[in-house]
Amino acid sequence: MADVSQASMTPRETPLVVRAPPAGLEREPLVAGGHGIGWLSDTIAGVAEGAMPPWWKYCFAISVTMMTVCFLCILYLMSTGVGVWGVTHPEMWGFAIVNFVWWIGIGHAGTLISAILFLLRQKWRTSINRAAEAMTIFAVMCAGIFPLIHIGRIWYGWWLFPIPNSNGIWPQFRSPLMWDVFAVSTYFTVSVLFWYMGTIPDLAVMRDRAKTKARKFGYGLFALGWTGSNRHWSNYEKAYLILAGLSTVLVLSVHSIVSLDFSVSQLPGWHTTIFPPYFVAGAVYSGFGMVLTLLVPLRRLLKLEEIITVRHVELMCKVLLLTGSIVAYAYLMEFFIAWYGGSPYERFVFLQSRLADPYFIAPLYGIQPAPYWWAEWMMILCNVLVPQLFWFKKVRTNMILVFVLAIMVNIGMWFERFVIVVVSLHRDFLPSNWGYYSPTWVDILQFLGTFGLFFTMFLLFLRYVPLIAIAEVKGVTPQADPHHPLGGAKTGGRHP
Amino acid sequence: MSARPYAIMAEFENPAAILRAADKVRREGFRNWDVFTPFPIHGMDGAMGIKNSKVGWFSFIGGVTGYATGMLMIWFMNAVDYPIVIGGKPMFSPFYSFPPSYELTILFGAFGALLGMLFLNRLPRLHHPLLKNRRFALASHDRFYIVIETDDPKYSEPATRVMLETLGSKHIELVEE
């Protein structure tokens, strides 16, 4: 539209007649039930307005208890030293780094849904992006705990940041660990900004619906005086697009940089160039596993089946299938390169340390079974075989099965990190360096405790913030389309 | 009513109606007016004659600042103020300083986008005449409003009201300051 002043919105002389597609080809609507846009506000905001159901209270009590256990473990660690963990020579990176990489990977689905699917114009993302972004933030919080406490002397944690100190020394940026500090802290900050900006219009919805003075004030404060002005929406949508673009390049860089922590070192099993793309695919895979783990029960418990429809769950399962297949390809490539590359150390790590089980591979080749053979096979089961089940529509539409498989995806990805960190470290170049790592009770409780932190935050989020982006879901309904009959158009085409 | 009202507000039922109405209001030559909707309506910027948003510039300047900050910071810390030889690597190289600078580009660019958006929208704003109006609370629910301010040069109570009525508004009211 070059000349705006000449443009006219008067109906055409001859109305366009676009026939509906055949019944079998019509897409399911993103919001089922054919409700109006006001219903969306009532349903979604209603979750955060009423009293929370009993299950919420039980879950909250359990989560807070687990979170307390986590903090008590950290207190014990701080007061005693890292000896309370199972880390010892040669395993100086134990559970802490496994958990860090696992949690940070989980966060990636939120940013993928909110940013990359936005750029790809995947409208179905609107039903799940808010909860997924919240999940990202809380997962990165859980992840952030571990690198901080694994440095041993936590009170020196601030040396990681470029803050002037009395010793006159500065951080060493030739180490990928410093890159990691910047990647993770930027990731957290930008995720919070993006999430908050997306929430502003919905906080205005909450403010306008609020009955009590306290709620009016609280939501009003965070809604920043949002009115829904189209002049504001215009800037807002541009800012959202830019943030989506920035988050896309950010999310691809974060797990790449995390993987550089490993691949820049010389250790066989870590020193590979495939790590950055392989880590990113794995991160998205595990993140979608966590999104499904959270949303499949929630849509049922909070009666949101018409907004988070079976189609949404199916589409997420397809993303799991895709990223799971990329992960499987990366595993295959690692083994291939270990064989083809000809380094005896690398070949040892992949064929003997990882694969050699006492039942199949080891007897076949007459080699010693490896102590951690079960970790690799667990990872292959959960990350290579499980996602292939999502080829079947019967699996993708069975909610109980999807929930169970999504949990297996999470377990599988945890084992992947365990394999990379622990199994690579336990047998390096010199047999005199070899050792065996097992976690202590502090390691295990601390890991379980981060689930307490994660779920406490997530349950509070459900309690106070609309868990689905109300304005965005409204925008993708046919009622919101000025060129659709349901949006009031008298003439014109149909939009799915 | 002794005080001059802030604006006249017309309610519309659906996006197609408000899109047509906004197009008409623009062609009538009004200046101080706006459309309020629960979600951004596709094509509304064109109907209102709004130009491309300037948020991109804020983000761009943020990004450039971030990248320069990263590079200069690392150069100063590792090559000037505290040079130390590590594995024979150069004291400063744009390659190893790239990842942190890249992250700072994104960080500052994101702040630029958010703060730029808020600045261009003159937000946060603690008070607005429309937010006092009870009916206007529906603007975040399922109604669509055109608000023409009374200080618009083309505004005249009866004529503007008639125009909004002919455009199909079922509910028109004056909003107090």
# chains A, B, ... in the order shown; residues from 1 in each chain; ligands from 1
call {"tool": "residues_around", "arguments": {"residues": "Ile18 in chain B", "least_positions_apart": "3", "cutoff": "9 Å", "atoms": "only C-alpha atoms", "output": "ChimeraX atom specification"}}
result
/A:482 /B:11-15,21-23,35,44,144-146,167-169
call {"tool": "residues_around", "arguments": {"residues": "Phe136 in chain B", "least_positions_apart": "4", "cutoff": "9 Å", "atoms": "only C-alpha atoms", "output": "PyMOL selection string"}}
result
(chain A and resi 208) or (chain B and resi 9+11+130-132+140+143+145)
call {"tool": "closest_atom_pairs", "arguments": {"of": "chain A", "to": "chain B", "cutoff": "6 Å", "atoms": "only C-alpha atoms", "output": "CSV"}}
result
residue,atom,partner,partner_atom,distance
A:Met9,CA,B:Arg20,CA,5.8
A:Ile37,CA,B:Asp142,CA,5.8
A:Gly38,CA,B:Asp142,CA,4.9
A:Trp170,CA,B:Met77,CA,5.9
A:Arg174,CA,B:Tyr96,CA,5.9
A:Trp179,CA,B:Pro100,CA,5.3
A:Phe182,CA,B:Pro100,CA,5.7
A:Ala183,CA,B:Glu103,CA,5.9
A:Thr186,CA,B:Leu107,CA,5.7
A:Val205,CA,B:Ser140,CA,5.4
A:Asp208,CA,B:Ala137,CA,5.2
A:Leu224,CA,B:Pro124,CA,4.3
A:Gly225,CA,B:Arg125,CA,4.9
A:Gly228,CA,B:Phe36,CA,5.0
A:Ser229,CA,B:Phe36,CA,4.4
A:Asn230,CA,B:Val35,CA,5.3
A:His232,CA,B:Asn121,CA,5.5
A:Trp233,CA,B:Pro40,CA,5.9
A:Asn235,CA,B:Ser53,CA,5.3
A:Ala239,CA,B:Ala113,CA,5.2
A:Leu243,CA,B:Ala110,CA,5.9
A:Leu246,CA,B:Ile106,CA,5.9
A:Ala471,CA,B:Phe39,CA,5.1
A:Gly475,CA,B:Phe39,CA,5.7
A:Pro482,CA,B:Ala16,CA,4.1
A:Gly487,CA,B:Pro15,CA,5.7
A:Gly488,CA,B:Ala16,CA,5.0
A:Ala489,CA,B:Ala16,CA,5.4
call {"tool": "select_by_dssp", "arguments": {"residues": "range 93-136 of chain B", "states": "helix (DSSP H, G or I)", "output": "ChimeraX atom specification"}}
result
/B:98-120,129-132,135-136
call {"tool": "write_last_selection", "arguments": {"atoms": "C-alpha atoms", "output": "PDB file, in the first residue's frame"}}
result
ATOM      1  CA  PHE B  98      33.560 -12.805  20.078  1.00  0.00           C
ATOM      2  CA  PRO B  99      31.274 -15.061  22.158  1.00  0.00           C
ATOM      3  CA  PRO B 100      30.935 -12.676  25.138  1.00  0.00           C
ATOM      4  CA  SER B 101      30.595  -9.661  22.818  1.00  0.00           C
ATOM      5  CA  TYR B 102      27.951 -11.499  20.820  1.00  0.00           C
ATOM      6  CA  GLU B 103      25.994 -12.163  23.999  1.00  0.00           C
ATOM      7  CA  LEU B 104      26.297  -8.519  25.044  1.00  0.00           C
ATOM      8  CA  THR B 105      25.042  -7.452  21.597  1.00  0.00           C
ATOM      9  CA  ILE B 106      21.906  -9.470  22.198  1.00  0.00           C
ATOM     10  CA  LEU B 107      21.568  -8.316  25.801  1.00  0.00           C
ATOM     11  CA  PHE B 108      21.808  -4.605  25.015  1.00  0.00           C
ATOM     12  CA  GLY B 109      19.725  -5.025  21.857  1.00  0.00           C
ATOM     13  CA  ALA B 110      16.945  -6.666  23.869  1.00  0.00           C
ATOM     14  CA  PHE B 111      17.006  -3.870  26.440  1.00  0.00           C
ATOM     15  CA  GLY B 112      16.908  -1.408  23.550  1.00  0.00           C
ATOM     16  CA  ALA B 113      13.816  -3.082  22.105  1.00  0.00           C
ATOM     17  CA  LEU B 114      11.895  -3.204  25.388  1.00  0.00           C
ATOM     18  CA  LEU B 115      12.883   0.233  26.675  1.00  0.00           C
ATOM     19  CA  GLY B 116      12.500   1.735  23.196  1.00  0.00           C
ATOM     20  CA  MET B 117       8.985   0.343  22.981  1.00  0.00           C
ATOM     21  CA  LEU B 118       8.129   1.752  26.407  1.00  0.00           C
ATOM     22  CA  PHE B 119       9.675   5.120  25.552  1.00  0.00           C
ATOM     23  CA  LEU B 120       7.841   5.453  22.225  1.00  0.00           C
ATOM     24  CA  PRO B 129      -8.518   9.167  31.651  1.00  0.00           C
ATOM     25  CA  LEU B 130      -9.675   6.081  29.752  1.00  0.00           C
ATOM     26  CA  LEU B 131      -8.617   3.729  32.514  1.00  0.00           C
ATOM     27  CA  LYS B 132     -11.058   5.523  34.861  1.00  0.00           C
ATOM     28  CA  ARG B 135     -17.003   0.692  30.143  1.00  0.00           C
ATOM     29  CA  PHE B 136     -13.468   0.941  28.766  1.00  0.00           C
TER      30      PHE B 136
END
call {"tool": "residues_around", "arguments": {"residues": "Gly157 in chain A", "least_positions_apart": "6", "cutoff": "9 Å", "atoms": "only C-alpha atoms", "output": "compact mmCIF listing (two decimals) with N, CA and C atoms, in the first residue's frame"}}
result
# COMPACT_ATOMS: atom_id res chain seq x y z
N LEU A 148 27.46 -22.02 40.22
CA LEU A 148 27.82 -21.14 41.31
C LEU A 148 28.33 -21.95 42.50
N ILE A 149 27.63 -23.04 42.85
CA ILE A 149 28.04 -23.77 44.04
C ILE A 149 29.19 -24.73 43.75
N ILE A 151 31.88 -24.15 42.30
CA ILE A 151 33.22 -23.56 42.37
C ILE A 151 33.86 -23.78 43.74
call {"tool": "residues_around", "arguments": {"residues": "range 315-330 of chain A", "least_positions_apart": "6", "cutoff": "6 Å", "atoms": "only C-alpha atoms", "output": "list in words"}}
result
Tyr278, Ala281, Gly282, Tyr285, Val384, Pro387 and Phe390 of chain A
call {"tool": "closest_residue", "arguments": {"among": "A:Leu30, A:Met78, A:Leu332, A:Val140", "to": "Tyr156 in chain A", "atoms": "only C-alpha atoms"}}
result
A:Met78
call {"tool": "closest_residue", "arguments": {"among": "A:Phe455, A:Phe217, A:Phe188, A:Phe118", "to": "Ser63 in chain A", "atoms": "only C-alpha atoms"}}
result
A:Phe455
call {"tool": "closest_residue", "arguments": {"among": "A:Gly83, A:Pro164, A:Gly105, A:Gly452", "to": "His150 in chain A", "atoms": "only C-alpha atoms"}}
result
A:Gly83
call {"tool": "residues_around", "arguments": {"residues": "Ile106 in chain A", "least_positions_apart": "2", "cutoff": "8 Å", "atoms": "only C-alpha atoms", "output": "list of chain:residue names"}}
result
A:Trp102, A:Trp103, A:Ile104, A:His108, A:Ala109, A:Thr136, A:Ala139, A:Ala283, A:Val284, A:Ser286, A:Gly287, A:Phe288, A:Met290
call {"tool": "residues_around", "arguments": {"residues": "Ile8 in chain B", "least_positions_apart": "3", "cutoff": "8 Å", "atoms": "only C-alpha atoms", "output": "number ranges by chain"}}
result
B: 5, 147-150, 161, 172-175
call {"tool": "residues_around", "arguments": {"residues": "range 41-57 of chain A", "least_positions_apart": "5", "cutoff": "10 Å", "atoms": "only C-alpha atoms", "output": "PyMOL selection string"}}
result
(chain A and resi 36+62-63+202-203+205-206+209-211+215+301-304+307+459-471+473-474) or (chain B and resi 38+140-142)
call {"tool": "write_last_selection", "arguments": {"atoms": "C-alpha atoms", "output": "PDB file, in the first residue's frame"}}
result
ATOM      1  CA  GLY A  36     -15.958 -15.885  21.399  1.00  0.00           C
ATOM      2  CA  ILE A  62       5.678 -30.727  48.588  1.00  0.00           C
ATOM      3  CA  SER A  63       7.574 -28.350  46.306  1.00  0.00           C
ATOM      4  CA  ASP A 202      -2.401  -9.822  29.866  1.00  0.00           C
ATOM      5  CA  LEU A 203      -1.555  -8.062  33.110  1.00  0.00           C
ATOM      6  CA  VAL A 205      -6.517  -7.872  31.329  1.00  0.00           C
ATOM      7  CA  MET A 206      -6.028  -8.953  34.940  1.00  0.00           C
ATOM      8  CA  ARG A 209     -10.970  -7.681  35.691  1.00  0.00           C
ATOM      9  CA  ALA A 210      -9.681  -7.212  39.248  1.00  0.00           C
ATOM     10  CA  LYS A 211     -12.332  -6.957  41.947  1.00  0.00           C
ATOM     11  CA  ARG A 215      -5.240  -6.776  42.936  1.00  0.00           C
ATOM     12  CA  LEU A 301      -6.481 -30.310  35.654  1.00  0.00           C
ATOM     13  CA  LEU A 302      -7.273 -26.708  34.745  1.00  0.00           C
ATOM     14  CA  LYS A 303      -9.889 -27.685  32.100  1.00  0.00           C
ATOM     15  CA  LEU A 304      -8.033 -25.977  29.270  1.00  0.00           C
ATOM     16  CA  ILE A 307      -7.245 -24.017  24.267  1.00  0.00           C
ATOM     17  CA  LEU A 459       2.980 -23.121  40.802  1.00  0.00           C
ATOM     18  CA  LEU A 460       3.285 -19.503  41.926  1.00  0.00           C
ATOM     19  CA  PHE A 461       3.275 -18.521  38.261  1.00  0.00           C
ATOM     20  CA  LEU A 462       0.006 -20.428  37.760  1.00  0.00           C
ATOM     21  CA  ARG A 463      -1.413 -18.678  40.795  1.00  0.00           C
ATOM     22  CA  TYR A 464      -0.679 -15.091  39.787  1.00  0.00           C
ATOM     23  CA  VAL A 465      -0.066 -14.785  36.041  1.00  0.00           C
ATOM     24  CA  PRO A 466      -2.320 -15.920  33.173  1.00  0.00           C
ATOM     25  CA  LEU A 467      -0.654 -19.136  32.066  1.00  0.00           C
ATOM     26  CA  ILE A 468      -1.672 -18.676  28.431  1.00  0.00           C
ATOM     27  CA  ALA A 469      -1.029 -15.518  26.444  1.00  0.00           C
ATOM     28  CA  ILE A 470      -4.611 -14.215  26.324  1.00  0.00           C
ATOM     29  CA  ALA A 471      -4.082 -11.421  23.816  1.00  0.00           C
ATOM     30  CA  VAL A 473      -4.568 -16.497  21.515  1.00  0.00           C
ATOM     31  CA  LYS A 474      -7.357 -14.011  20.834  1.00  0.00           C
TER      32      LYS A 474
ATOM     33  CA  PRO B  38      -7.799  -6.412  23.020  1.00  0.00           C
ATOM     34  CA  SER B 140      -9.013  -5.676  27.131  1.00  0.00           C
ATOM     35  CA  HIS B 141     -11.887  -8.181  26.945  1.00  0.00           C
ATOM     36  CA  ASP B 142     -13.833  -8.400  23.683  1.00  0.00           C
TER      37      ASP B 142
END
call {"tool": "decode", "arguments": {"residues": "range 229-276 of chain A", "atoms": "N, CA and C atoms", "output": "mmCIF file, in the first residue's frame"}}
result
data_model
loop_
_atom_site.group_PDB
_atom_site.id
_atom_site.type_symbol
_atom_site.label_atom_id
_atom_site.label_comp_id
_atom_site.auth_asym_id
_atom_site.auth_seq_id
_atom_site.Cartn_x
_atom_site.Cartn_y
_atom_site.Cartn_z
ATOM 1 N N SER A 229 -3.975 0.560 23.103
ATOM 2 C CA SER A 229 -3.982 1.519 22.003
ATOM 3 C C SER A 229 -3.292 0.916 20.788
ATOM 4 N N ASN A 230 -3.854 1.160 19.608
ATOM 5 C CA ASN A 230 -3.227 0.578 18.420
ATOM 6 C C ASN A 230 -1.888 1.231 18.113
ATOM 7 N N ARG A 231 -1.727 2.502 18.504
ATOM 8 C CA ARG A 231 -0.416 3.134 18.310
ATOM 9 C C ARG A 231 0.622 2.430 19.185
ATOM 10 N N HIS A 232 0.192 1.946 20.367
ATOM 11 C CA HIS A 232 1.089 1.177 21.231
ATOM 12 C C HIS A 232 1.329 -0.212 20.672
ATOM 13 N N TRP A 233 0.240 -0.840 20.210
ATOM 14 C CA TRP A 233 0.397 -2.194 19.647
ATOM 15 C C TRP A 233 1.405 -2.192 18.508
ATOM 16 N N SER A 234 1.392 -1.108 17.724
ATOM 17 C CA SER A 234 2.285 -1.043 16.572
ATOM 18 C C SER A 234 3.748 -1.120 17.013
ATOM 19 N N ASN A 235 4.108 -0.316 18.031
ATOM 20 C CA ASN A 235 5.478 -0.387 18.561
ATOM 21 C C ASN A 235 5.734 -1.710 19.255
ATOM 22 N N TYR A 236 4.694 -2.174 19.944
ATOM 23 C CA TYR A 236 4.826 -3.412 20.717
ATOM 24 C C TYR A 236 5.113 -4.596 19.806
ATOM 25 N N GLU A 237 4.366 -4.671 18.714
ATOM 26 C CA GLU A 237 4.566 -5.808 17.814
ATOM 27 C C GLU A 237 5.948 -5.775 17.181
ATOM 28 N N LYS A 238 6.417 -4.552 16.885
ATOM 29 C CA LYS A 238 7.771 -4.453 16.310
ATOM 30 C C LYS A 238 8.808 -4.900 17.348
ATOM 31 N N ALA A 239 8.637 -4.428 18.579
ATOM 32 C CA ALA A 239 9.583 -4.816 19.626
ATOM 33 C C ALA A 239 9.538 -6.321 19.855
ATOM 34 N N TYR A 240 8.342 -6.889 19.774
ATOM 35 C CA TYR A 240 8.201 -8.336 19.966
ATOM 36 C C TYR A 240 8.934 -9.091 18.862
ATOM 37 N N LEU A 241 8.787 -8.592 17.648
ATOM 38 C CA LEU A 241 9.467 -9.233 16.513
ATOM 39 C C LEU A 241 10.986 -9.168 16.688
ATOM 40 N N ILE A 242 11.469 -7.993 17.129
ATOM 41 C CA ILE A 242 12.917 -7.846 17.306
ATOM 42 C C ILE A 242 13.407 -8.755 18.421
ATOM 43 N N LEU A 243 12.654 -8.791 19.523
ATOM 44 C CA LEU A 243 13.059 -9.663 20.629
ATOM 45 C C LEU A 243 13.044 -11.121 20.193
ATOM 46 N N ALA A 244 12.069 -11.484 19.349
ATOM 47 C CA ALA A 244 12.025 -12.860 18.856
ATOM 48 C C ALA A 244 13.265 -13.150 18.018
ATOM 49 N N GLY A 245 13.643 -12.191 17.170
ATOM 50 C CA GLY A 245 14.833 -12.384 16.349
ATOM 51 C C GLY A 245 16.078 -12.502 17.201
ATOM 52 N N LEU A 246 16.186 -11.612 18.217
ATOM 53 C CA LEU A 246 17.366 -11.663 19.088
ATOM 54 C C LEU A 246 17.384 -12.963 19.890
ATOM 55 N N SER A 247 16.214 -13.392 20.372
ATOM 56 C CA SER A 247 16.175 -14.613 21.170
ATOM 57 C C SER A 247 16.543 -15.829 20.333
ATOM 58 N N THR A 248 16.206 -15.784 19.049
ATOM 59 C CA THR A 248 16.536 -16.917 18.189
ATOM 60 C C THR A 248 18.043 -17.091 18.096
ATOM 61 N N VAL A 249 18.741 -15.997 17.789
ATOM 62 C CA VAL A 249 20.197 -16.136 17.698
ATOM 63 C C VAL A 249 20.801 -16.381 19.078
ATOM 64 N N LEU A 250 20.095 -15.948 20.112
ATOM 65 C CA LEU A 250 20.597 -16.184 21.468
ATOM 66 C C LEU A 250 20.480 -17.662 21.840
ATOM 67 N N VAL A 251 19.300 -18.236 21.585
ATOM 68 C CA VAL A 251 19.079 -19.610 22.039
ATOM 69 C C VAL A 251 20.016 -20.562 21.295
ATOM 70 N N LEU A 252 20.297 -20.248 20.030
ATOM 71 C CA LEU A 252 21.218 -21.123 19.305
ATOM 72 C C LEU A 252 22.634 -20.984 19.845
ATOM 73 N N SER A 253 22.951 -19.795 20.400
ATOM 74 C CA SER A 253 24.317 -19.605 20.885
ATOM 75 C C SER A 253 24.511 -20.170 22.288
ATOM 76 N N VAL A 254 23.450 -20.168 23.108
ATOM 77 C CA VAL A 254 23.664 -20.500 24.522
ATOM 78 C C VAL A 254 24.147 -21.935 24.688
ATOM 79 N N HIS A 255 23.411 -22.874 24.116
ATOM 80 C CA HIS A 255 23.854 -24.249 24.324
ATOM 81 C C HIS A 255 25.097 -24.561 23.503
ATOM 82 N N SER A 256 25.314 -23.810 22.417
ATOM 83 C CA SER A 256 26.578 -23.969 21.688
ATOM 84 C C SER A 256 27.736 -23.599 22.602
ATOM 85 N N ILE A 257 27.584 -22.494 23.321
ATOM 86 C CA ILE A 257 28.663 -22.042 24.195
ATOM 87 C C ILE A 257 28.832 -23.011 25.361
ATOM 88 N N VAL A 258 27.698 -23.522 25.887
ATOM 89 C CA VAL A 258 27.797 -24.533 26.942
ATOM 90 C C VAL A 258 28.596 -25.734 26.416
ATOM 91 N N SER A 259 28.331 -26.108 25.163
ATOM 92 C CA SER A 259 29.036 -27.263 24.613
ATOM 93 C C SER A 259 30.514 -26.967 24.400
ATOM 94 N N LEU A 260 30.848 -25.680 24.193
ATOM 95 C CA LEU A 260 32.261 -25.338 24.016
ATOM 96 C C LEU A 260 33.050 -25.549 25.309
ATOM 97 N N ASP A 261 32.369 -25.450 26.459
ATOM 98 C CA ASP A 261 33.028 -25.791 27.726
ATOM 99 C C ASP A 261 33.685 -27.160 27.611
ATOM 100 N N PHE A 262 33.012 -28.050 26.893
ATOM 101 C CA PHE A 262 33.532 -29.403 26.736
ATOM 102 C C PHE A 262 34.468 -29.494 25.535
ATOM 103 N N SER A 263 33.982 -29.021 24.381
ATOM 104 C CA SER A 263 34.697 -29.365 23.153
ATOM 105 C C SER A 263 35.994 -28.590 22.988
ATOM 106 N N VAL A 264 36.190 -27.498 23.715
ATOM 107 C CA VAL A 264 37.464 -26.783 23.620
ATOM 108 C C VAL A 264 38.558 -27.535 24.400
ATOM 109 N N SER A 265 38.155 -28.434 25.299
ATOM 110 C CA SER A 265 39.165 -29.195 26.047
ATOM 111 C C SER A 265 39.734 -30.320 25.178
ATOM 112 N N GLN A 266 40.704 -31.046 25.716
ATOM 113 C CA GLN A 266 41.391 -32.074 24.930
ATOM 114 C C GLN A 266 40.868 -33.482 25.191
ATOM 115 N N LEU A 267 39.930 -33.607 26.109
ATOM 116 C CA LEU A 267 39.533 -34.938 26.553
ATOM 117 C C LEU A 267 38.775 -35.695 25.459
ATOM 118 N N PRO A 268 39.156 -36.956 25.169
ATOM 119 C CA PRO A 268 38.380 -37.726 24.199
ATOM 120 C C PRO A 268 36.953 -37.910 24.713
ATOM 121 N N GLY A 269 35.984 -37.727 23.834
ATOM 122 C CA GLY A 269 34.583 -37.765 24.265
ATOM 123 C C GLY A 269 34.031 -36.358 24.432
ATOM 124 N N TRP A 270 34.937 -35.393 24.657
ATOM 125 C CA TRP A 270 34.505 -33.994 24.738
ATOM 126 C C TRP A 270 34.989 -33.219 23.512
ATOM 127 N N HIS A 271 36.178 -33.601 23.030
ATOM 128 C CA HIS A 271 36.853 -32.800 22.022
ATOM 129 C C HIS A 271 36.288 -33.113 20.636
ATOM 130 N N THR A 272 35.051 -32.689 20.365
ATOM 131 C CA THR A 272 34.473 -32.953 19.053
ATOM 132 C C THR A 272 33.806 -31.701 18.525
ATOM 133 N N THR A 273 33.848 -31.530 17.194
ATOM 134 C CA THR A 273 33.267 -30.324 16.594
ATOM 135 C C THR A 273 31.767 -30.430 16.425
ATOM 136 N N ILE A 274 31.194 -31.616 16.600
ATOM 137 C CA ILE A 274 29.750 -31.759 16.383
ATOM 138 C C ILE A 274 28.958 -31.214 17.572
ATOM 139 N N PHE A 275 29.651 -30.928 18.678
ATOM 140 C CA PHE A 275 28.938 -30.611 19.906
ATOM 141 C C PHE A 275 27.943 -29.447 19.810
ATOM 142 N N PRO A 276 28.328 -28.270 19.251
ATOM 143 C CA PRO A 276 27.344 -27.171 19.305
ATOM 144 C C PRO A 276 25.979 -27.517 18.697
#
